[in-house]
Structure formats: structure tokens, C-alpha cells
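See below for protein32.cif, which holds mmCIF, C-alpha atoms, pLDDT in the B column; chains and numbers go by the auth columns.
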```cif
data_entry
#
loop_
_atom_site.group_PDB
_atom_site.id
_atom_site.type_symbol
_atom_site.label_atom_id
_atom_site.label_comp_id
_atom_site.label_asym_id
_atom_site.label_seq_id
_atom_site.Cartn_x
_atom_site.Cartn_y
_atom_site.Cartn_z
_atom_site.B_iso_or_equiv
_atom_site.auth_seq_id
_atom_site.auth_asym_id
ATOM 1 C CA MET A 1 0.000 0.000 0.000 79.00 208 A
ATOM 2 C CA VAL A 2 1.191 3.511 -0.857 83.00 209 A
ATOM 3 C CA ASN A 3 0.542 6.507 1.394 83.00 210 A
ATOM 4 C CA LEU A 4 -1.767 8.934 -0.432 81.00 211 A
ATOM 5 C CA GLU A 5 0.602 11.748 0.514 82.00 212 A
ATOM 6 C CA LYS A 6 3.125 10.210 -1.909 81.00 213 A
ATOM 7 C CA LEU A 7 0.604 10.474 -4.737 86.00 214 A
ATOM 8 C CA LYS A 8 0.249 14.261 -4.637 84.00 215 A
ATOM 9 C CA THR A 9 2.339 14.627 -7.788 84.00 216 A
ATOM 10 C CA LEU A 10 -0.237 12.471 -9.638 89.00 217 A
ATOM 11 C CA SER A 11 -3.330 14.351 -8.447 86.00 218 A
ATOM 12 C CA TYR A 12 -3.381 16.514 -11.587 86.00 219 A
ATOM 13 C CA ILE A 13 -3.440 13.368 -13.765 89.00 220 A
ATOM 14 C CA PHE A 14 -5.765 10.936 -11.959 92.00 221 A
ATOM 15 C CA ASN A 15 -9.129 11.309 -10.198 92.00 222 A
ATOM 16 C CA LYS A 16 -9.561 10.457 -6.519 92.00 223 A
ATOM 17 C CA ASP A 17 -10.982 6.951 -7.096 94.00 224 A
ATOM 18 C CA LEU A 18 -8.001 5.987 -9.253 93.00 225 A
ATOM 19 C CA LEU A 19 -5.569 7.481 -6.743 93.00 226 A
ATOM 20 C CA ASP A 20 -7.208 5.395 -4.015 93.00 227 A
ATOM 21 C CA ASP A 21 -6.856 2.295 -6.190 94.00 228 A
ATOM 22 C CA ILE A 22 -3.171 3.075 -6.851 93.00 229 A
ATOM 23 C CA SER A 23 -2.671 3.585 -3.114 92.00 230 A
ATOM 24 C CA SER A 24 -4.273 0.202 -2.325 93.00 231 A
ATOM 25 C CA ASN A 25 -2.603 -1.863 -5.061 94.00 232 A
ATOM 26 C CA GLY A 26 0.695 -0.132 -5.789 93.00 233 A
ATOM 27 C CA GLU A 27 4.054 -0.782 -4.151 94.00 234 A
ATOM 28 C CA LEU A 28 6.410 2.109 -3.425 94.00 235 A
ATOM 29 C CA LYS A 29 10.091 1.395 -4.083 95.00 236 A
ATOM 30 C CA THR A 30 13.097 3.624 -3.477 95.00 237 A
ATOM 31 C CA TYR A 31 16.245 3.478 -5.615 96.00 238 A
ATOM 32 C CA ALA A 32 19.657 5.096 -5.270 96.00 239 A
ATOM 33 C CA LYS A 33 21.397 6.726 -8.234 91.00 240 A
ATOM 34 C CA ASN A 34 22.522 4.312 -10.993 91.00 241 A
ATOM 35 C CA GLU A 35 20.320 1.422 -9.813 95.00 242 A
ATOM 36 C CA ILE A 36 18.677 -0.785 -12.441 94.00 243 A
ATOM 37 C CA ILE A 37 14.872 -0.761 -12.214 93.00 244 A
ATOM 38 C CA ILE A 38 14.151 -2.772 -15.367 92.00 245 A
ATOM 39 C CA ASP A 39 16.744 -4.855 -17.186 93.00 246 A
ATOM 40 C CA ILE A 40 16.954 -6.327 -20.668 91.00 247 A
ATOM 41 C CA ASN A 41 15.250 -9.750 -20.981 91.00 248 A
ATOM 42 C CA GLN A 42 13.527 -9.271 -17.611 90.00 249 A
ATOM 43 C CA LYS A 43 9.961 -10.548 -17.341 88.00 250 A
ATOM 44 C CA LEU A 44 7.844 -7.624 -16.198 86.00 251 A
ATOM 45 C CA GLU A 45 5.124 -8.132 -13.602 86.00 252 A
ATOM 46 C CA PHE A 46 4.762 -4.466 -12.653 90.00 253 A
ATOM 47 C CA VAL A 47 4.391 -1.164 -14.500 88.00 254 A
ATOM 48 C CA PRO A 48 6.519 1.658 -13.026 92.00 255 A
ATOM 49 C CA ILE A 49 5.220 5.181 -12.391 93.00 256 A
ATOM 50 C CA LEU A 50 7.946 7.620 -11.398 94.00 257 A
ATOM 51 C CA ILE A 51 7.055 9.765 -8.375 93.00 258 A
ATOM 52 C CA GLU A 52 10.368 11.487 -7.778 92.00 259 A
ATOM 53 C CA GLY A 53 13.740 11.564 -9.556 93.00 260 A
ATOM 54 C CA ASN A 54 14.800 10.780 -13.142 92.00 261 A
ATOM 55 C CA ILE A 55 15.167 7.462 -14.967 94.00 262 A
ATOM 56 C CA LYS A 56 17.208 6.830 -18.127 92.00 263 A
ATOM 57 C CA VAL A 57 15.784 4.329 -20.611 92.00 264 A
ATOM 58 C CA LEU A 58 18.486 2.635 -22.707 91.00 265 A
ATOM 59 C CA ARG A 59 18.935 0.125 -25.495 88.00 266 A
ATOM 60 C CA GLU A 60 21.965 -2.165 -25.746 85.00 267 A
ATOM 61 C CA ASP A 61 23.635 -3.653 -28.834 79.00 268 A
ATOM 62 C CA GLU A 62 25.314 -7.062 -29.142 78.00 269 A
ATOM 63 C CA GLN A 63 28.646 -5.595 -28.001 79.00 270 A
ATOM 64 C CA GLY A 64 27.111 -4.179 -24.819 78.00 271 A
ATOM 65 C CA ASN A 65 27.145 -0.553 -26.001 80.00 272 A
ATOM 66 C CA GLU A 66 24.232 1.450 -24.620 82.00 273 A
ATOM 67 C CA LEU A 67 22.184 4.165 -26.320 85.00 274 A
ATOM 68 C CA LEU A 68 19.990 6.614 -24.410 88.00 275 A
ATOM 69 C CA LEU A 69 16.430 6.574 -25.787 88.00 276 A
ATOM 70 C CA TYR A 70 14.694 8.981 -23.419 90.00 277 A
ATOM 71 C CA VAL A 71 14.518 10.119 -19.796 91.00 278 A
ATOM 72 C CA LEU A 72 11.497 9.726 -17.509 92.00 279 A
ATOM 73 C CA GLU A 73 10.507 12.498 -15.117 90.00 280 A
ATOM 74 C CA SER A 74 8.067 12.688 -12.205 90.00 281 A
ATOM 75 C CA GLY A 75 4.618 11.480 -13.271 91.00 282 A
ATOM 76 C CA ASP A 76 5.958 9.480 -16.247 93.00 283 A
ATOM 77 C CA THR A 77 5.792 5.793 -17.037 90.00 284 A
ATOM 78 C CA CYS A 78 7.789 3.765 -19.555 86.00 285 A
ATOM 79 C CA ALA A 79 5.736 3.011 -22.666 80.00 286 A
ATOM 80 C CA MET A 80 8.084 0.203 -23.703 79.00 287 A
ATOM 81 C CA SER A 81 7.518 -1.587 -20.399 81.00 288 A
ATOM 82 C CA LEU A 82 3.750 -1.203 -20.903 79.00 289 A
ATOM 83 C CA THR A 83 4.029 -2.931 -24.271 77.00 290 A
ATOM 84 C CA CYS A 84 6.024 -5.809 -22.791 76.00 291 A
ATOM 85 C CA CYS A 85 3.472 -6.250 -20.002 72.00 292 A
ATOM 86 C CA ILE A 86 0.474 -6.284 -22.332 72.00 293 A
ATOM 87 C CA SER A 87 2.116 -8.733 -24.760 72.00 294 A
ATOM 88 C CA SER A 88 3.708 -10.842 -21.954 72.00 295 A
ATOM 89 C CA LYS A 89 7.154 -10.429 -23.526 79.00 296 A
ATOM 90 C CA THR A 90 10.469 -9.790 -21.815 87.00 297 A
ATOM 91 C CA SER A 91 11.912 -6.286 -21.636 88.00 298 A
ATOM 92 C CA LYS A 92 13.854 -4.902 -24.618 87.00 299 A
ATOM 93 C CA ILE A 93 15.184 -1.922 -22.643 89.00 300 A
ATOM 94 C CA ARG A 94 17.151 -1.127 -19.500 92.00 301 A
ATOM 95 C CA ALA A 95 15.863 1.526 -17.074 93.00 302 A
ATOM 96 C CA ILE A 96 18.442 3.054 -14.698 94.00 303 A
ATOM 97 C CA THR A 97 17.989 5.828 -12.164 94.00 304 A
ATOM 98 C CA ASP A 98 19.788 9.052 -13.051 90.00 305 A
ATOM 99 C CA LYS A 99 19.377 10.246 -9.454 90.00 306 A
ATOM 100 C CA ALA A 100 17.785 8.920 -6.256 93.00 307 A
ATOM 101 C CA SER A 101 14.213 8.042 -7.250 95.00 308 A
ATOM 102 C CA GLU A 102 10.882 6.815 -5.911 95.00 309 A
ATOM 103 C CA VAL A 103 8.761 4.561 -8.112 95.00 310 A
ATOM 104 C CA ILE A 104 5.295 3.102 -7.668 94.00 311 A
ATOM 105 C CA MET A 105 4.983 -0.387 -9.124 94.00 312 A
ATOM 106 C CA ILE A 106 1.528 -1.217 -10.494 92.00 313 A
ATOM 107 C CA PRO A 107 0.722 -4.948 -10.954 91.00 314 A
ATOM 108 C CA VAL A 108 0.157 -5.896 -14.590 87.00 315 A
ATOM 109 C CA LEU A 109 -3.330 -7.275 -13.898 88.00 316 A
ATOM 110 C CA LYS A 110 -4.387 -3.967 -12.365 91.00 317 A
ATOM 111 C CA MET A 111 -2.920 -2.031 -15.262 88.00 318 A
ATOM 112 C CA GLN A 112 -5.062 -4.035 -17.682 86.00 319 A
ATOM 113 C CA GLU A 113 -8.164 -3.887 -15.466 91.00 320 A
ATOM 114 C CA TRP A 114 -7.945 -0.107 -15.117 93.00 321 A
ATOM 115 C CA LEU A 115 -7.790 0.330 -18.907 90.00 322 A
ATOM 116 C CA SER A 116 -11.443 -0.670 -19.140 90.00 323 A
ATOM 117 C CA TYR A 117 -12.507 0.990 -15.879 92.00 324 A
ATOM 118 C CA TYR A 118 -10.825 4.409 -15.651 94.00 325 A
ATOM 119 C CA GLU A 119 -10.840 6.991 -18.441 95.00 326 A
ATOM 120 C CA ASP A 120 -8.000 8.857 -16.686 94.00 327 A
ATOM 121 C CA TRP A 121 -5.851 5.728 -16.820 94.00 328 A
ATOM 122 C CA ARG A 122 -6.587 5.105 -20.525 93.00 329 A
ATOM 123 C CA ASN A 123 -5.697 8.689 -21.357 94.00 330 A
ATOM 124 C CA PHE A 124 -2.521 8.434 -19.292 93.00 331 A
ATOM 125 C CA ILE A 125 -1.403 5.263 -21.088 91.00 332 A
ATOM 126 C CA LEU A 126 -2.190 6.650 -24.562 91.00 333 A
ATOM 127 C CA GLN A 127 -0.450 9.937 -23.796 92.00 334 A
ATOM 128 C CA SER A 128 2.584 8.049 -22.493 91.00 335 A
ATOM 129 C CA TYR A 129 2.817 6.077 -25.748 89.00 336 A
ATOM 130 C CA GLN A 130 2.603 9.282 -27.798 91.00 337 A
ATOM 131 C CA THR A 131 5.186 11.128 -25.698 91.00 338 A
ATOM 132 C CA ARG A 132 7.717 8.292 -25.715 88.00 339 A
ATOM 133 C CA PHE A 133 7.168 7.726 -29.458 88.00 340 A
ATOM 134 C CA ASN A 134 7.910 11.392 -30.136 90.00 341 A
ATOM 135 C CA GLU A 135 11.031 11.228 -27.971 87.00 342 A
ATOM 136 C CA MET A 136 12.312 8.160 -29.799 85.00 343 A
ATOM 137 C CA LEU A 137 11.706 9.875 -33.154 88.00 344 A
ATOM 138 C CA GLU A 138 13.765 12.800 -31.876 87.00 345 A
ATOM 139 C CA THR A 139 16.519 10.383 -30.857 85.00 346 A
ATOM 140 C CA ILE A 140 16.498 8.790 -34.319 85.00 347 A
ATOM 141 C CA ASP A 141 16.609 12.215 -36.000 85.00 348 A
ATOM 142 C CA THR A 142 19.509 13.244 -33.767 84.00 349 A
ATOM 143 C CA LEU A 143 21.474 10.093 -34.619 81.00 350 A
ATOM 144 C CA ALA A 144 20.753 10.336 -38.333 79.00 351 A
ATOM 145 C CA PHE A 145 21.125 14.036 -39.002 82.00 352 A
ATOM 146 C CA MET A 146 23.103 15.704 -36.214 85.00 353 A
ATOM 147 C CA LYS A 147 26.888 15.745 -35.867 90.00 354 A
ATOM 148 C CA MET A 148 28.394 14.585 -32.579 92.00 355 A
ATOM 149 C CA ASP A 149 29.307 18.079 -31.369 91.00 356 A
ATOM 150 C CA LYS A 150 25.704 19.233 -31.814 91.00 357 A
ATOM 151 C CA ARG A 151 24.391 15.994 -30.246 92.00 358 A
ATOM 152 C CA LEU A 152 26.620 16.560 -27.230 93.00 359 A
ATOM 153 C CA TYR A 153 25.519 20.173 -26.756 94.00 360 A
ATOM 154 C CA LYS A 154 21.842 19.184 -27.136 92.00 361 A
ATOM 155 C CA TYR A 155 22.390 16.465 -24.534 93.00 362 A
ATOM 156 C CA LEU A 156 23.864 19.028 -22.105 93.00 363 A
ATOM 157 C CA VAL A 157 21.005 21.488 -22.637 92.00 364 A
ATOM 158 C CA ASP A 158 18.460 18.680 -22.133 91.00 365 A
ATOM 159 C CA GLN A 159 20.180 17.773 -18.852 90.00 366 A
ATOM 160 C CA VAL A 160 19.964 21.390 -17.684 90.00 367 A
ATOM 161 C CA LYS A 161 16.225 21.501 -18.422 87.00 368 A
ATOM 162 C CA LEU A 162 15.648 18.087 -16.883 85.00 369 A
ATOM 163 C CA ASN A 163 17.370 18.903 -13.592 84.00 370 A
ATOM 164 C CA ALA A 164 16.529 22.633 -13.479 84.00 371 A
ATOM 165 C CA SER A 165 20.210 23.423 -12.923 88.00 372 A
ATOM 166 C CA GLU A 166 22.913 24.831 -15.186 92.00 373 A
ATOM 167 C CA ILE A 167 25.478 22.667 -13.362 92.00 374 A
ATOM 168 C CA ILE A 168 25.703 19.077 -14.601 91.00 375 A
ATOM 169 C CA HIS A 169 27.433 16.619 -12.271 90.00 376 A
ATOM 170 C CA ASN A 170 28.563 13.823 -14.546 89.00 377 A
ATOM 171 C CA THR A 171 31.749 12.198 -15.794 89.00 378 A
ATOM 172 C CA HIS A 172 32.917 12.266 -19.407 92.00 379 A
ATOM 173 C CA GLN A 173 32.666 8.460 -19.415 91.00 380 A
ATOM 174 C CA ASN A 174 29.005 8.474 -18.362 89.00 381 A
ATOM 175 C CA ILE A 175 28.157 11.045 -21.025 91.00 382 A
ATOM 176 C CA ALA A 176 29.999 8.969 -23.632 91.00 383 A
ATOM 177 C CA GLU A 177 27.952 5.900 -22.666 88.00 384 A
ATOM 178 C CA ASP A 178 24.684 7.827 -22.979 89.00 385 A
ATOM 179 C CA LEU A 179 25.681 9.044 -26.456 90.00 386 A
ATOM 180 C CA ASN A 180 27.189 5.694 -27.518 86.00 387 A
ATOM 181 C CA THR A 181 30.598 7.168 -28.282 88.00 388 A
ATOM 182 C CA SER A 182 34.047 7.187 -26.647 88.00 389 A
ATOM 183 C CA ARG A 183 35.228 9.176 -23.633 89.00 390 A
ATOM 184 C CA VAL A 184 38.076 10.613 -25.715 91.00 391 A
ATOM 185 C CA VAL A 185 35.616 12.048 -28.256 91.00 392 A
ATOM 186 C CA VAL A 186 33.423 13.528 -25.514 92.00 393 A
ATOM 187 C CA SER A 187 36.405 15.090 -23.717 93.00 394 A
ATOM 188 C CA ARG A 188 37.673 16.637 -26.953 93.00 395 A
ATOM 189 C CA LEU A 189 34.280 18.052 -27.887 93.00 396 A
ATOM 190 C CA LEU A 190 33.647 19.375 -24.381 94.00 397 A
ATOM 191 C CA LYS A 191 36.954 21.229 -24.551 93.00 398 A
ATOM 192 C CA GLN A 192 35.911 22.693 -27.895 93.00 399 A
ATOM 193 C CA LEU A 193 32.560 23.806 -26.445 93.00 400 A
ATOM 194 C CA GLU A 194 34.450 25.476 -23.588 91.00 401 A
ATOM 195 C CA ILE A 195 36.667 27.348 -26.067 91.00 402 A
ATOM 196 C CA GLU A 196 33.492 28.491 -27.848 91.00 403 A
ATOM 197 C CA GLY A 197 32.185 29.867 -24.541 92.00 404 A
ATOM 198 C CA LYS A 198 29.195 27.532 -24.383 92.00 405 A
ATOM 199 C CA ILE A 199 30.257 25.634 -21.240 90.00 406 A
ATOM 200 C CA LYS A 200 32.717 25.802 -18.347 92.00 407 A
ATOM 201 C CA LEU A 201 34.441 22.594 -17.278 92.00 408 A
ATOM 202 C CA GLY A 202 35.213 21.578 -13.695 86.00 409 A
ATOM 203 C CA ARG A 203 36.023 18.365 -11.837 82.00 410 A
ATOM 204 C CA ASN A 204 33.173 15.954 -12.653 81.00 411 A
ATOM 205 C CA LYS A 205 30.914 18.908 -13.418 89.00 412 A
ATOM 206 C CA ILE A 206 29.966 21.020 -16.412 93.00 413 A
ATOM 207 C CA GLU A 207 28.366 24.448 -16.306 93.00 414 A
ATOM 208 C CA VAL A 208 26.256 25.258 -19.354 93.00 415 A
ATOM 209 C CA LEU A 209 26.445 28.957 -20.265 89.00 416 A
ATOM 210 C CA ASN A 210 23.965 31.128 -22.171 76.00 417 A
ATOM 211 C CA PHE A 211 21.965 28.247 -23.658 69.00 418 A
#
```
Could the structure of this file be written out as C-alpha cells, please?
Amino acid sequence: MVNLEKLKTLSYIFNKDLLDDISSNGELKTYAKNEIIIDINQKLEFVPILIEGNIKVLREDEQGNELLLYVLESGDTCAMSLTCCISSKTSKIRAITDKASEVIMIPVLKMQEWLSYYEDWRNFILQSYQTRFNEMLETIDTLAFMKMDKRLYKYLVDQVKLNASEIIHNTHQNIAEDLNTSRVVVSRLLKQLEIEGKIKLGRNKIEVLNF
């Protein structure tokens, strides 16, 4: 059972009856930064709704290289996990916390039951599919049409907006993994962005200027 106080961030999305149902049937879980919530080939029995924090959703190739698809914020769910639950297939993505996070896990049977019972829930699921689809299209466009220096700067600006802070605390290696490139390339391009006056580099932090 989830304390209704924890569901305040969802009150603008769901009506009171649905919030009560989520409170009765959901399970609140807390994760530290860089913990795996959903892994590739995992059988999913719960649908996650993010209450607090950020979650990165990644794909992995045969060599183990990861590519960032999108980032979940408070009030979001992962559309790809919904698809796996409905079709009873294993996960094709990995979901990792980008900071300390709180997640409500909704049992698959309840997720399906609520689709026919609550209009708010149906709208939420459909909107989640549309939002994640748009984000993946943006990722594809970025990979296909944008050079790495522009991809890197876009990534930094997105991080600023996501965390509401112009200071990004991250290593060059972590950024390289998110962009599916090498640390050497990221370090070189970050230095170039600093020369251009777009960022200021520090120890394990990057300040984005005048974005």
C-alpha cells in the first residue's frame, strides 16, 4: 500500500478513485542513483510510475554498447515496459535511475483492469505512448542528421532543463555511454565547447552557459 501523501504529484493526472486504487494496489520502491529498475530480458510483472527523480531508458547492442532513448521524469511511465506487459514479452530496454528516485509499481493485472474501468488511466497510457514515441523519433533524428558536437551540446542542454540546474554533475565516461561514443571524443568536444564559450568545465561537473 502507498501513502496517499506520496501520490500528490499524480493528483493533476488521476481522479480520486483511481488514486485510491493506486494507493491500495501499488508498491512504493526507493532506488539510489545508478540502480537498475528494469533490465533487458527481464519478465515484467509491474508497470513503473515515477514519483520522484529521473530514470534513463536505454537500449543495448550485441557488443554491450548502450544508447539513451529517453529520460522519464516525475509522473511518467515507460511506454516500452507497458508494451512488454500487455504482450507478456520480456523487456527490450534497460531503465536506470539518473538520481535517487521513488517509483510506484503497479501490478500488470491492475494495469489491464484499469484500462477498461478508468478513463484517466486510458488517457494516461495513450499519452505516455505518444510522448515516448515522439522522444524516440527525436533520438532517431539526432542520430541520423546531427553531428556529434551538436548531439553533445543538445544532450547538455536537455540535462539542464531536466534537472533545473545549469550545473551538470557527470563524468565524461558516463556522457559517452549515454551518447554511444568514446570518452576521448566527448572530452575533446567538451573542450571545444568550452573554447566556444558555451560551457565551463570543472572536476566531474559542467556548467552550461547562455543556452
Let me know the residues the PyMOL selection byres ((chain A and resi 220-232) around 12) catches in the file above, as a ChimeraX atom specification.
/A:208-219,233-235,253-256,281-283,311-318,320-322,324-332,334-335
Selection file, C-alpha atoms, as a PDB file, in the coordinates of the input:
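Full text of part22.pdb as output:
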```pdb
ATOM      1  CA  MET A 208       0.000   0.000   0.000  1.00 79.00           C
ATOM      2  CA  VAL A 209       1.191   3.511  -0.857  1.00 83.00           C
ATOM      3  CA  ASN A 210       0.542   6.507   1.394  1.00 83.00           C
ATOM      4  CA  LEU A 211      -1.767   8.934  -0.432  1.00 81.00           C
ATOM      5  CA  GLU A 212       0.602  11.748   0.514  1.00 82.00           C
ATOM      6  CA  LYS A 213       3.125  10.210  -1.909  1.00 81.00           C
ATOM      7  CA  LEU A 214       0.604  10.474  -4.737  1.00 86.00           C
ATOM      8  CA  LYS A 215       0.249  14.261  -4.637  1.00 84.00           C
ATOM      9  CA  THR A 216       2.339  14.627  -7.788  1.00 84.00           C
ATOM     10  CA  LEU A 217      -0.237  12.471  -9.638  1.00 89.00           C
ATOM     11  CA  SER A 218      -3.330  14.351  -8.447  1.00 86.00           C
ATOM     12  CA  TYR A 219      -3.381  16.514 -11.587  1.00 86.00           C
ATOM     13  CA  GLY A 233       0.695  -0.132  -5.789  1.00 93.00           C
ATOM     14  CA  GLU A 234       4.054  -0.782  -4.151  1.00 94.00           C
ATOM     15  CA  LEU A 235       6.410   2.109  -3.425  1.00 94.00           C
ATOM     16  CA  PHE A 253       4.762  -4.466 -12.653  1.00 90.00           C
ATOM     17  CA  VAL A 254       4.391  -1.164 -14.500  1.00 88.00           C
ATOM     18  CA  PRO A 255       6.519   1.658 -13.026  1.00 92.00           C
ATOM     19  CA  ILE A 256       5.220   5.181 -12.391  1.00 93.00           C
ATOM     20  CA  SER A 281       8.067  12.688 -12.205  1.00 90.00           C
ATOM     21  CA  GLY A 282       4.618  11.480 -13.271  1.00 91.00           C
ATOM     22  CA  ASP A 283       5.958   9.480 -16.247  1.00 93.00           C
ATOM     23  CA  ILE A 311       5.295   3.102  -7.668  1.00 94.00           C
ATOM     24  CA  MET A 312       4.983  -0.387  -9.124  1.00 94.00           C
ATOM     25  CA  ILE A 313       1.528  -1.217 -10.494  1.00 92.00           C
ATOM     26  CA  PRO A 314       0.722  -4.948 -10.954  1.00 91.00           C
ATOM     27  CA  VAL A 315       0.157  -5.896 -14.590  1.00 87.00           C
ATOM     28  CA  LEU A 316      -3.330  -7.275 -13.898  1.00 88.00           C
ATOM     29  CA  LYS A 317      -4.387  -3.967 -12.365  1.00 91.00           C
ATOM     30  CA  MET A 318      -2.920  -2.031 -15.262  1.00 88.00           C
ATOM     31  CA  GLU A 320      -8.164  -3.887 -15.466  1.00 91.00           C
ATOM     32  CA  TRP A 321      -7.945  -0.107 -15.117  1.00 93.00           C
ATOM     33  CA  LEU A 322      -7.790   0.330 -18.907  1.00 90.00           C
ATOM     34  CA  TYR A 324     -12.507   0.990 -15.879  1.00 92.00           C
ATOM     35  CA  TYR A 325     -10.825   4.409 -15.651  1.00 94.00           C
ATOM     36  CA  GLU A 326     -10.840   6.991 -18.441  1.00 95.00           C
ATOM     37  CA  ASP A 327      -8.000   8.857 -16.686  1.00 94.00           C
ATOM     38  CA  TRP A 328      -5.851   5.728 -16.820  1.00 94.00           C
ATOM     39  CA  ARG A 329      -6.587   5.105 -20.525  1.00 93.00           C
ATOM     40  CA  ASN A 330      -5.697   8.689 -21.357  1.00 94.00           C
ATOM     41  CA  PHE A 331      -2.521   8.434 -19.292  1.00 93.00           C
ATOM     42  CA  ILE A 332      -1.403   5.263 -21.088  1.00 91.00           C
ATOM     43  CA  GLN A 334      -0.450   9.937 -23.796  1.00 92.00           C
ATOM     44  CA  SER A 335       2.584   8.049 -22.493  1.00 91.00           C
TER      45      SER A 335
END
```
Pick out the closest residue to Lys250 in chain A from this set: A:Ser298, A:Thr284, A:Gln366, A:Asn387. Count all atoms listed in the file.
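The answer is A:Ser298, which sits nearest to Lys250 in chain A.
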Using the chain letters and numbers from the file, give me the residues hit by the PyMOL selection byres ((chain A and resi 301) around 6), as a PyMOL selection string.
chain A and resi 245-247+264-265+300+302
Using only C-alpha atoms, which protein or nucleic acid residues come within 8 Å of Asn272 in chain A? Drop anything in the same chain fewer than 4 positions from it, and give the result as number ranges by chain.
A: 267-268, 384, 387
Compile the contact shell of Leu396 in chain A as a tab-separated table (two decimals) with C-alpha atoms, keeping the file's coordinate frame: residues with an atom at most 9 Å away, counting all atoms listed in the file, same-chain residues fewer than 4 positions apart removed.
```tsv
chain	number	residue	atom	x	y	z
A	355	MET	CA	28.39	14.58	-32.58
A	356	ASP	CA	29.31	18.08	-31.37
A	359	LEU	CA	26.62	16.56	-27.23
A	391	VAL	CA	38.08	10.61	-25.72
A	392	VAL	CA	35.62	12.05	-28.26
A	400	LEU	CA	32.56	23.81	-26.44
A	401	GLU	CA	34.45	25.48	-23.59
```
Atomic separation - CA of Leu251 in chain A relative to CA of Thr297 in chain A, Å:
6.6 Å
Show me, as a VMD selection string, the residues that have an atom within 12 Å of Glu373 in chain A when counting only C-alpha atoms, minus same-chain residues fewer than 6 positions from it.
chain A and resid 363 to 367 405 to 408 412 to 418
Spell out the residues picked by the PyMOL selection byres ((chain A and resi 278) around 9) here, as a list in words.
Asn261, Ile262, Lys263, Val264, Leu265, Leu275, Leu276, Tyr277, Leu279, Glu280, Asp305, Glu342 and Leu369 of chain A
Minimum-distance residue to Met287 in chain A, chosen among A:Arg339, A:Arg390, A:Lys398, A:Lys240 (using all atoms listed in the file)
A:Arg339
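In this model, the gap between CA of Ile382 in chain A and CA of Tyr362 in chain A comes to 8.7 Å.
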